[in-house]
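Notes to accompany the following structure.
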Amino acid sequence: MKKITLFLFLLLSLNIYASDADSQYKELIEELRCMVCQNQNLAESEAPLAVDMKQKIREMLESGKSKNEIKQFLSDRYSSYILYEPPINKQNLILWIAPFIFIIILSFMLLRRYIK
Amino acid sequence: MIIDIGFIGYFLLLLGLMNCLFLLTPKFVSGLNLSNNILLSASKLHFPILFISFICLIVTFVGEDYSLDYVSKNSNSNLPLIYKISAAWAGHEGSMLLWCVVSSFWMFLASKYSNDLPKSLRTNFLTIMGILNLGFLLFVVATSNPFARNLSVPIDGGDLNPLLQDFGLIVHPPMLYMGYVGLSVVFSFAVACCFEKEFKKEWAQWLRPWVLASWSFLTLGISLGSWWAYYELGWGGWWFWDPVENASFMPWLMSTALIHSVIASGEKGMFKSWTILLSIFTFSLSLLGTFLVRSGILISVHSFASDPSRGIFILLMLAMLIGGGLAAYTMNSKKFVDDNDVNIYSKEGFFLLNNILLVTATFTILLGTMYPLVLDILGLEKISVGVPYYNAVFIPLMIPLILLVGYVPMLLSRISKNKQILQLLIIFLVSLVLSLLFSINSILYIVGFFSAVWIIINIFFDLFLYTKNSVRLKSRMGMYFAHFGLAIFILGASVSENTKVEKELVLSLGETTTIGSFDYKLNKLEEEKSVNYDAVIASVLVSKNNSIVAEIKPEKRLYHSSESAMTEAGIFARLDRDLYVSLGNMIDDNKWSLRIYDKPFIRFIWIGTIFMIIGSILSIRYRKKTNE
């Protein structure tokens with residue numbers, strides 16, 4: 001029971017700690033892909049495009065835009081390829097749901113076979 | 001006198017191919033003692049043949065034989081000797097040859113240490129290893145020959161990628177390959193057991209050290225890779241859930257599961273068919289990783305499509321292995337009858353839960369790695385799967401696993417269940433209070449800190465209170481070391497990730513800035529010329545309360561041959577904290593952009609993996625007697 005509570009607690013509270021602009025900025029640039037690099041996020045990248053985008057993100061945060069608004073703006077502009085957290089939509093449904101289905105089936109098979 | 005070393009190397013590769021054919025003799029000439037002897041000799045001979053061939057490749061690098069295409073592309077005359085040598089396995093062709101050498105080495109060991117096995121099991125086992133070796137070597141000769149010639153001989157070579165001119169690269173790939181390919185021993189043995197229609201306890205015990213050894217090498221290889229990325233790439237990250245990293249992490253997770261299930265099979269004759277299946281899948285995932293990395297499909301689906309020969313070869317091998325292995329398994333899986341039933345509240349019951357969680361974790365990583373590729377191949381919208389996805393899916397799977405890991409010492413102690421629960425509850429609360437005291441800024445931090453403390457307290461509780469019997473202690477030492485290593489790793493990862501201070505800023509010469517509790521002064525900028533690069537070396541003086549703590553010297557290097565700029569981070573490392581400075585771009589003559597990171601306890605990440613490896617080695621050395 002403890003396990004389950006802790007797990008739910010974790011899931012529910014993953015996002016509640018985003019606070020001031022600076023830490024929001026850091027979180028954002030770590031979750032966004034540098035579009036001209038080989039699998040690097042914006043925080044790591046020093047490519048000119050990435051530097052421009054970081055500047056843009058900073059400005060948007062300062063003008064009071066929320067994290068989600070900025071993500072939405074960027075993914076509209078560059079496609080959702082820019083988001084390291086794939087959006088939950090029809091196309092990505094399997095990606096998000098399959099792990100749950102997998103663990104249920106595997107547990108069922110193994111526990112039924114071996115636990116007497 | 002001119003000896004064409006490249007030719008000798010190539011000749012030895014072909015000789016190796018011939019030798020592999022001898023490995024198949026028992027399949028064609030049955031009933032002869034002679035054929036079995038041929039098999040044994042051939043399985044041992046394969047290693048020296050390929051090893052000398054690999055030495056030849058190194059000699060062509062040192063001797064600057066640019067008539068070889070591979071040498072001319074990956075080395076030049078200005079390269080320091082040590083990197084000329086390591087360049088032999090820095091590119092695709094050479095690293096695949098290294099793979100073959102490693103594979104032949106494992107076959108050599110398997111042949112040497114399999115005397116005690118029943119004859120037919122041993123024959124099948126070595127024959128399957130022979131088939132694998134044949135496949136790998138065919139791949140090298142047919143698609144990735146490092147001894148292929150240039151049409152015209154260039155005056156000087158190209159360059160070794162500057163990122164790879166580093167100690168990390170010299171040791172990372174051989175260690176990783178030792179791990180990957182060591183799992184081929186496990187695979188071959190598992191399939192051979194399918195042919196025997198039996199998986200005896202003694203056989204599982206024979207298999208156990210091979211799993212542990214492969215796992216140790218995998219752990220070392222992955223850890224070195226992560227350490228290398230940390231100090232070489234200049235942004236201070238140590239794990240990015242990059243597909244290439246995932247490719248090595250999947251077999252690691254699976255072999256971790258396998259270590260546990262094979263113990264249950266060896267000690268109690270449980271999970272026989274599951275252990276066999278897990279063995280088959282574990283090596284298949286190693287090969288899948290190789291396919292992903294080596295086929296170029298990760299860089300882009302289109303670059304794969306333009307030259308698919310390598311990828312398709314590996315894919316075919318993968319299909320044959322999984323297909324063949326699973327066919328052998330499904331035809332015989334009903335014959336594997338366990339000696340005992342499993343009680344969920346026992347070591348073996350916990351192993352089962354461990355396996356469910358680890359295999360599911362592997363599945364989610366496989367899904368996250370393959371899903372974007374599949375979407376891309378289908379022409380759907382491209383997506384990226386990165387850190388946020390894995391944090392959301394992987395970490396929740398690890399939490400129950402860690403609760404189990406902490407529980408294990410208590411479970412094995414011989415005290416009553418009620419007392420166990422009471423003590424566990426106390427330890428749980430103590431850990432929780434401790435983690436709430438020390439880690440309050442994020443939920444992930446609390447969870448990570450708690451996990452580490454929970455495991456550590458449980459282990460020491462048992463060590464001080466209950467494990468007085470030295471035999472029992474000896475049998476558990478490996479496990480305690482490995483689990484303690486896991487805790488240290490988690491502690492390092494969660495403390496450094498959640499309390500790190502990172503700044504990107506511009507400093508002029510002589511300027512000082514305060515980050516965290518330290519002052520950083522850009523003190524000097526010097527230019528230095530090395531054999532194959534020019535460098536700017538900055539000197540950053542770090543002080544605390546006006547007394548100097550350290551001088552950190554990050555570099556920016558411009559390599560002559562490839563004109564590429566490389567960052568060499570400067571790191572002041574102490575056990576409890578890394579101060580990390582890397583040079584960005586020059587803004588002005590005396591003005592540079594810098595990244596300054598303060599990362600507490602990050603060393604614990606790699607120290608943890610060292611403990612895990614020590615644990616694994618202790619377990620290999622300690623063999624539990626069956627008739628206990």
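Lettering and numbering for the structure tokens are positional, with chains as A, B, ... in the shown order, residues counted from 1 in each chain, and ligands counted from 1 in the shown order.
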Pick out the chain B residues within 9 Å of chain A. Count only C-alpha atoms. Give them as a PyMOL selection string. chain B and resi 234-237+240+242+270-271+274+299+341-344+349+352-353+356-357+359-361+363-364+367-368+371+375+380-390+392-393+396-397+399-400+403+441-444+447+584-585
With N, CA and C atoms retained, could you export that selection as a short mmCIF file (atom, residue, chain, number, x, y, z; two decimals), in the first residue's frame?
```cif
data_model
loop_
_atom_site.label_atom_id
_atom_site.label_comp_id
_atom_site.auth_asym_id
_atom_site.auth_seq_id
_atom_site.Cartn_x
_atom_site.Cartn_y
_atom_site.Cartn_z
N GLY B 234 31.57 18.95 -22.23
CA GLY B 234 31.58 20.36 -21.86
C GLY B 234 30.29 20.91 -21.29
N TRP B 235 29.26 20.07 -21.15
CA TRP B 235 28.05 20.61 -20.53
C TRP B 235 27.73 19.90 -19.22
N GLY B 236 28.65 19.08 -18.74
CA GLY B 236 28.52 18.56 -17.40
C GLY B 236 27.42 17.54 -17.18
N GLY B 237 26.84 17.03 -18.26
CA GLY B 237 25.81 16.01 -18.08
C GLY B 237 26.46 14.65 -18.02
N PHE B 240 21.93 11.14 -20.65
CA PHE B 240 20.97 11.95 -21.39
C PHE B 240 19.81 11.13 -21.96
N ASP B 242 20.06 9.21 -24.29
CA ASP B 242 20.29 9.20 -25.73
C ASP B 242 20.14 7.75 -26.23
N MET B 270 14.51 -23.13 -9.61
CA MET B 270 13.28 -22.41 -9.94
C MET B 270 13.46 -21.58 -11.20
N PHE B 271 12.37 -21.12 -11.76
CA PHE B 271 12.35 -20.21 -12.93
C PHE B 271 13.19 -20.73 -14.09
N TRP B 274 12.06 -19.45 -17.51
CA TRP B 274 12.14 -17.98 -17.53
C TRP B 274 13.60 -17.52 -17.65
N ILE B 299 21.14 8.21 -36.66
CA ILE B 299 21.48 9.55 -37.16
C ILE B 299 20.37 10.02 -38.09
N ASP B 341 8.27 -24.98 -5.87
CA ASP B 341 7.34 -23.87 -6.07
C ASP B 341 7.89 -22.63 -5.39
N VAL B 342 7.33 -21.49 -5.75
CA VAL B 342 7.84 -20.24 -5.21
C VAL B 342 6.86 -19.66 -4.22
N ASN B 343 7.39 -19.24 -3.08
CA ASN B 343 6.60 -18.50 -2.12
C ASN B 343 6.90 -17.02 -2.35
N ILE B 344 5.85 -16.21 -2.45
CA ILE B 344 6.10 -14.81 -2.79
C ILE B 344 6.91 -14.12 -1.70
N GLY B 349 10.71 -15.14 -4.37
CA GLY B 349 9.53 -14.33 -4.67
C GLY B 349 9.94 -12.89 -5.00
N LEU B 352 11.36 -12.59 -8.38
CA LEU B 352 10.34 -12.55 -9.42
C LEU B 352 9.84 -11.12 -9.61
N LEU B 353 9.56 -10.44 -8.48
CA LEU B 353 9.11 -9.05 -8.57
C LEU B 353 10.20 -8.19 -9.20
N ILE B 356 10.09 -8.70 -12.89
CA ILE B 356 8.96 -8.02 -13.53
C ILE B 356 9.28 -6.54 -13.71
N LEU B 357 9.82 -5.92 -12.65
CA LEU B 357 10.09 -4.48 -12.72
C LEU B 357 11.23 -4.17 -13.70
N VAL B 359 12.36 -5.97 -16.24
CA VAL B 359 12.03 -6.26 -17.63
C VAL B 359 11.06 -5.19 -18.16
N THR B 360 10.12 -4.75 -17.31
CA THR B 360 9.23 -3.68 -17.75
C THR B 360 10.03 -2.40 -18.00
N ALA B 361 11.00 -2.12 -17.13
CA ALA B 361 11.83 -0.93 -17.33
C ALA B 361 12.57 -1.01 -18.66
N PHE B 363 11.59 -2.67 -21.22
CA PHE B 363 10.60 -2.49 -22.28
C PHE B 363 10.29 -1.01 -22.53
N THR B 364 10.15 -0.24 -21.44
CA THR B 364 9.83 1.18 -21.65
C THR B 364 10.97 1.89 -22.37
N LEU B 367 10.82 0.93 -25.94
CA LEU B 367 9.71 1.66 -26.56
C LEU B 367 10.11 3.10 -26.86
N GLY B 368 10.71 3.76 -25.84
CA GLY B 368 11.11 5.15 -26.02
C GLY B 368 12.17 5.31 -27.09
N TYR B 371 10.22 4.03 -30.72
CA TYR B 371 8.98 4.68 -31.16
C TYR B 371 9.22 5.82 -32.15
N LEU B 375 7.92 5.89 -36.07
CA LEU B 375 7.12 6.99 -36.60
C LEU B 375 7.80 7.59 -37.84
N LEU B 380 5.29 9.46 -40.30
CA LEU B 380 4.41 10.27 -39.44
C LEU B 380 5.20 11.41 -38.82
N GLU B 381 4.53 12.20 -38.00
CA GLU B 381 5.20 13.35 -37.42
C GLU B 381 6.35 12.92 -36.51
N LYS B 382 7.52 13.55 -36.70
CA LYS B 382 8.68 13.18 -35.89
C LYS B 382 8.48 13.65 -34.44
N ILE B 383 8.88 12.82 -33.51
CA ILE B 383 8.82 13.25 -32.11
C ILE B 383 10.17 12.99 -31.44
N SER B 384 10.38 13.60 -30.30
CA SER B 384 11.56 13.34 -29.50
C SER B 384 11.14 12.72 -28.18
N VAL B 385 11.82 11.68 -27.78
CA VAL B 385 11.56 11.09 -26.48
C VAL B 385 12.81 11.29 -25.63
N GLY B 386 12.66 12.06 -24.59
CA GLY B 386 13.85 12.39 -23.79
C GLY B 386 13.62 12.30 -22.30
N VAL B 387 14.42 13.05 -21.58
CA VAL B 387 14.45 12.96 -20.12
C VAL B 387 13.06 12.99 -19.46
N PRO B 388 12.16 13.93 -19.85
CA PRO B 388 10.88 13.98 -19.14
C PRO B 388 10.09 12.68 -19.26
N TYR B 389 10.15 12.05 -20.44
CA TYR B 389 9.42 10.79 -20.62
C TYR B 389 9.99 9.72 -19.69
N TYR B 390 11.32 9.59 -19.68
CA TYR B 390 11.93 8.53 -18.88
C TYR B 390 11.76 8.80 -17.38
N ALA B 392 9.22 10.15 -16.09
CA ALA B 392 7.84 9.82 -15.76
C ALA B 392 7.58 8.33 -15.77
N VAL B 393 8.27 7.57 -16.62
CA VAL B 393 7.96 6.16 -16.76
C VAL B 393 8.95 5.27 -16.01
N PRO B 396 9.10 5.72 -11.61
CA PRO B 396 8.07 5.01 -10.84
C PRO B 396 8.28 3.50 -10.78
N LEU B 397 8.93 2.94 -11.82
CA LEU B 397 9.21 1.50 -11.78
C LEU B 397 10.34 1.18 -10.81
N ILE B 399 11.00 2.78 -7.98
CA ILE B 399 10.69 2.99 -6.56
C ILE B 399 10.34 1.68 -5.84
N PRO B 400 9.37 0.90 -6.39
CA PRO B 400 9.12 -0.38 -5.70
C PRO B 400 10.35 -1.29 -5.70
N LEU B 403 12.47 -0.28 -2.83
CA LEU B 403 11.90 -0.73 -1.56
C LEU B 403 12.24 -2.20 -1.33
N ASN B 441 13.68 20.47 -1.65
CA ASN B 441 13.26 21.35 -2.73
C ASN B 441 12.52 20.69 -3.88
N SER B 442 12.54 19.35 -3.95
CA SER B 442 11.67 18.75 -4.96
C SER B 442 11.31 17.33 -4.57
N ILE B 443 10.21 16.87 -5.12
CA ILE B 443 9.72 15.55 -4.75
C ILE B 443 10.68 14.46 -5.23
N LEU B 444 11.28 14.68 -6.41
CA LEU B 444 12.23 13.70 -6.93
C LEU B 444 13.44 13.58 -6.02
N VAL B 447 12.49 11.55 -2.96
CA VAL B 447 12.40 10.13 -3.31
C VAL B 447 13.80 9.53 -3.48
N GLY B 584 33.21 28.68 -23.29
CA GLY B 584 32.27 28.74 -24.40
C GLY B 584 32.92 29.39 -25.60
N ASN B 585 32.40 30.53 -26.00
CA ASN B 585 32.95 31.22 -27.16
C ASN B 585 33.69 32.48 -26.74
#
```
Leu618 in chain B environment, 12 Å, only C-alpha atoms, sequence neighbours closer than 6 positions dropped, as a ChimeraX atom specification: /B:209,212-213,216,473-482,611-612,624
Spatial neighbours of range 74-83 of chain B, 8 Å, only C-alpha atoms, chain gap at least 4 places, as a count of residues only: 17
Enumerate the residues of chain A with a DSSP assignment of alpha helix (DSSP H), computed from the backbone, and present them as a PyMOL selection string. chain A and resi 2-13+21-31+48-62+67-78+93-114
Write the residues of the preceding selection, restricted to C-alpha atoms, as a PDB file, in the first residue's frame.
```
ATOM      1  CA  LYS A   2       2.835   2.308   0.906  1.00  0.00           C
ATOM      2  CA  LYS A   3       4.344   1.716  -2.500  1.00  0.00           C
ATOM      3  CA  ILE A   4       1.183   2.690  -4.278  1.00  0.00           C
ATOM      4  CA  THR A   5       0.640   5.828  -2.245  1.00  0.00           C
ATOM      5  CA  LEU A   6       4.180   6.951  -2.805  1.00  0.00           C
ATOM      6  CA  PHE A   7       3.885   6.251  -6.500  1.00  0.00           C
ATOM      7  CA  LEU A   8       0.665   8.232  -6.870  1.00  0.00           C
ATOM      8  CA  PHE A   9       2.116  11.018  -4.797  1.00  0.00           C
ATOM      9  CA  LEU A  10       5.082  11.168  -7.136  1.00  0.00           C
ATOM     10  CA  LEU A  11       2.987  11.183 -10.285  1.00  0.00           C
ATOM     11  CA  LEU A  12       0.706  13.924  -9.023  1.00  0.00           C
ATOM     12  CA  SER A  13       3.431  16.182  -7.811  1.00  0.00           C
ATOM     13  CA  ALA A  21      11.369  32.583 -13.674  1.00  0.00           C
ATOM     14  CA  ASP A  22      14.984  31.516 -13.472  1.00  0.00           C
ATOM     15  CA  SER A  23      14.270  27.926 -12.531  1.00  0.00           C
ATOM     16  CA  GLN A  24      11.451  27.830 -15.082  1.00  0.00           C
ATOM     17  CA  TYR A  25      13.902  28.981 -17.698  1.00  0.00           C
ATOM     18  CA  LYS A  26      16.338  26.228 -16.737  1.00  0.00           C
ATOM     19  CA  GLU A  27      13.684  23.562 -16.791  1.00  0.00           C
ATOM     20  CA  LEU A  28      12.447  24.716 -20.166  1.00  0.00           C
ATOM     21  CA  ILE A  29      15.783  24.759 -21.921  1.00  0.00           C
ATOM     22  CA  GLU A  30      16.509  21.285 -20.606  1.00  0.00           C
ATOM     23  CA  GLU A  31      13.256  19.933 -22.008  1.00  0.00           C
ATOM     24  CA  PRO A  48      23.523  30.072 -33.011  1.00  0.00           C
ATOM     25  CA  LEU A  49      19.920  28.949 -33.452  1.00  0.00           C
ATOM     26  CA  ALA A  50      19.872  27.546 -29.929  1.00  0.00           C
ATOM     27  CA  VAL A  51      21.301  30.756 -28.497  1.00  0.00           C
ATOM     28  CA  ASP A  52      18.600  32.762 -30.287  1.00  0.00           C
ATOM     29  CA  MET A  53      15.898  30.450 -29.040  1.00  0.00           C
ATOM     30  CA  LYS A  54      17.133  30.671 -25.470  1.00  0.00           C
ATOM     31  CA  GLN A  55      17.016  34.460 -25.741  1.00  0.00           C
ATOM     32  CA  LYS A  56      13.472  34.256 -27.085  1.00  0.00           C
ATOM     33  CA  ILE A  57      12.403  31.959 -24.265  1.00  0.00           C
ATOM     34  CA  ARG A  58      13.867  34.303 -21.678  1.00  0.00           C
ATOM     35  CA  GLU A  59      11.972  37.229 -23.194  1.00  0.00           C
ATOM     36  CA  MET A  60       8.726  35.294 -23.263  1.00  0.00           C
ATOM     37  CA  LEU A  61       9.128  34.308 -19.612  1.00  0.00           C
ATOM     38  CA  GLU A  62       9.827  37.907 -18.674  1.00  0.00           C
ATOM     39  CA  LYS A  67       5.916  27.307 -19.419  1.00  0.00           C
ATOM     40  CA  ASN A  68       3.116  25.580 -21.256  1.00  0.00           C
ATOM     41  CA  GLU A  69       2.373  28.593 -23.416  1.00  0.00           C
ATOM     42  CA  ILE A  70       6.001  28.763 -24.479  1.00  0.00           C
ATOM     43  CA  LYS A  71       6.117  25.060 -25.232  1.00  0.00           C
ATOM     44  CA  GLN A  72       2.933  25.375 -27.256  1.00  0.00           C
ATOM     45  CA  PHE A  73       4.322  28.338 -29.163  1.00  0.00           C
ATOM     46  CA  LEU A  74       7.559  26.557 -30.007  1.00  0.00           C
ATOM     47  CA  SER A  75       5.971  23.283 -30.984  1.00  0.00           C
ATOM     48  CA  ASP A  76       3.513  25.100 -33.266  1.00  0.00           C
ATOM     49  CA  ARG A  77       6.438  26.776 -34.898  1.00  0.00           C
ATOM     50  CA  TYR A  78       8.944  23.907 -35.090  1.00  0.00           C
ATOM     51  CA  LEU A  93      -0.883   6.933 -27.201  1.00  0.00           C
ATOM     52  CA  ILE A  94       0.979   3.621 -27.414  1.00  0.00           C
ATOM     53  CA  LEU A  95       4.163   5.248 -26.151  1.00  0.00           C
ATOM     54  CA  TRP A  96       2.477   6.369 -22.962  1.00  0.00           C
ATOM     55  CA  ILE A  97       0.143   3.449 -22.350  1.00  0.00           C
ATOM     56  CA  ALA A  98       2.142   0.397 -23.421  1.00  0.00           C
ATOM     57  CA  PRO A  99       4.355   0.294 -20.305  1.00  0.00           C
ATOM     58  CA  PHE A 100       1.270  -0.108 -18.096  1.00  0.00           C
ATOM     59  CA  ILE A 101      -0.195  -2.813 -20.303  1.00  0.00           C
ATOM     60  CA  PHE A 102       3.158  -4.549 -20.451  1.00  0.00           C
ATOM     61  CA  ILE A 103       3.662  -4.721 -16.709  1.00  0.00           C
ATOM     62  CA  ILE A 104       0.138  -6.018 -16.159  1.00  0.00           C
ATOM     63  CA  ILE A 105       0.541  -8.801 -18.713  1.00  0.00           C
ATOM     64  CA  LEU A 106       4.041  -9.741 -17.547  1.00  0.00           C
ATOM     65  CA  SER A 107       3.008  -9.820 -13.882  1.00  0.00           C
ATOM     66  CA  PHE A 108      -0.022 -11.877 -14.683  1.00  0.00           C
ATOM     67  CA  MET A 109       1.996 -14.396 -16.683  1.00  0.00           C
ATOM     68  CA  LEU A 110       4.868 -14.764 -14.254  1.00  0.00           C
ATOM     69  CA  LEU A 111       2.945 -14.665 -10.994  1.00  0.00           C
ATOM     70  CA  ARG A 112       0.345 -17.106 -12.258  1.00  0.00           C
ATOM     71  CA  ARG A 113       2.987 -19.498 -13.479  1.00  0.00           C
ATOM     72  CA  TYR A 114       5.308 -19.425 -10.510  1.00  0.00           C
TER      73      TYR A 114
END
```
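Atom to atom, CA of Glu267 in chain B and CA of Ala204 in chain B stand 8.4 Å apart.
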Separation of CA of Val181 in chain B from CA of Gly221 in chain B, in Å and rounded to one decimal: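 Those two atoms sit 12.3 Å apart.
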So which residues touch range 327-331 of chain B within 8 Å, counting only C-alpha atoms, skipping near sequence neighbours fewer than 2 positions away, as a list in words?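 Those residues are Val191, Cys194, Phe195, Ile276, Leu277, Gly323, Gly324, Gly325, Ser333 and Lys334 of chain B.
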Mind listing the strand (DSSP E or B) residues of range 452-515 of chain B, per DSSP on the backbone, as a short mmCIF file (atom, residue, chain, number, x, y, z; two decimals) with C-alpha atoms, in the first residue's frame?
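What ended up in states_23.cif:
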```cif
data_model
loop_
_atom_site.label_atom_id
_atom_site.label_comp_id
_atom_site.auth_asym_id
_atom_site.auth_seq_id
_atom_site.Cartn_x
_atom_site.Cartn_y
_atom_site.Cartn_z
CA VAL B 501 24.23 25.39 -9.38
CA GLU B 502 24.74 26.15 -13.05
CA LYS B 503 25.54 29.45 -14.67
CA GLU B 504 26.29 30.52 -18.21
CA LEU B 505 27.92 33.94 -18.23
CA VAL B 506 30.46 36.23 -19.86
CA LEU B 507 33.61 37.19 -17.98
CA SER B 508 36.32 39.69 -18.92
CA THR B 512 35.09 38.00 -10.62
CA THR B 513 31.68 36.43 -10.18
CA THR B 514 29.99 34.63 -7.31
CA ILE B 515 28.20 31.36 -7.92
#
```
How far is it from CA of Asp69 in chain B to CA of Arg149 in chain B, in Å with one decimal? 5.3 Å
Neighbours of Phe313 in chain B within 10 Å (only C-alpha atoms; same-chain residues fewer than 2 positions away dropped), as a ChimeraX atom specification? /B:135-136,138-139,142-143,291,295,308-311,315-319
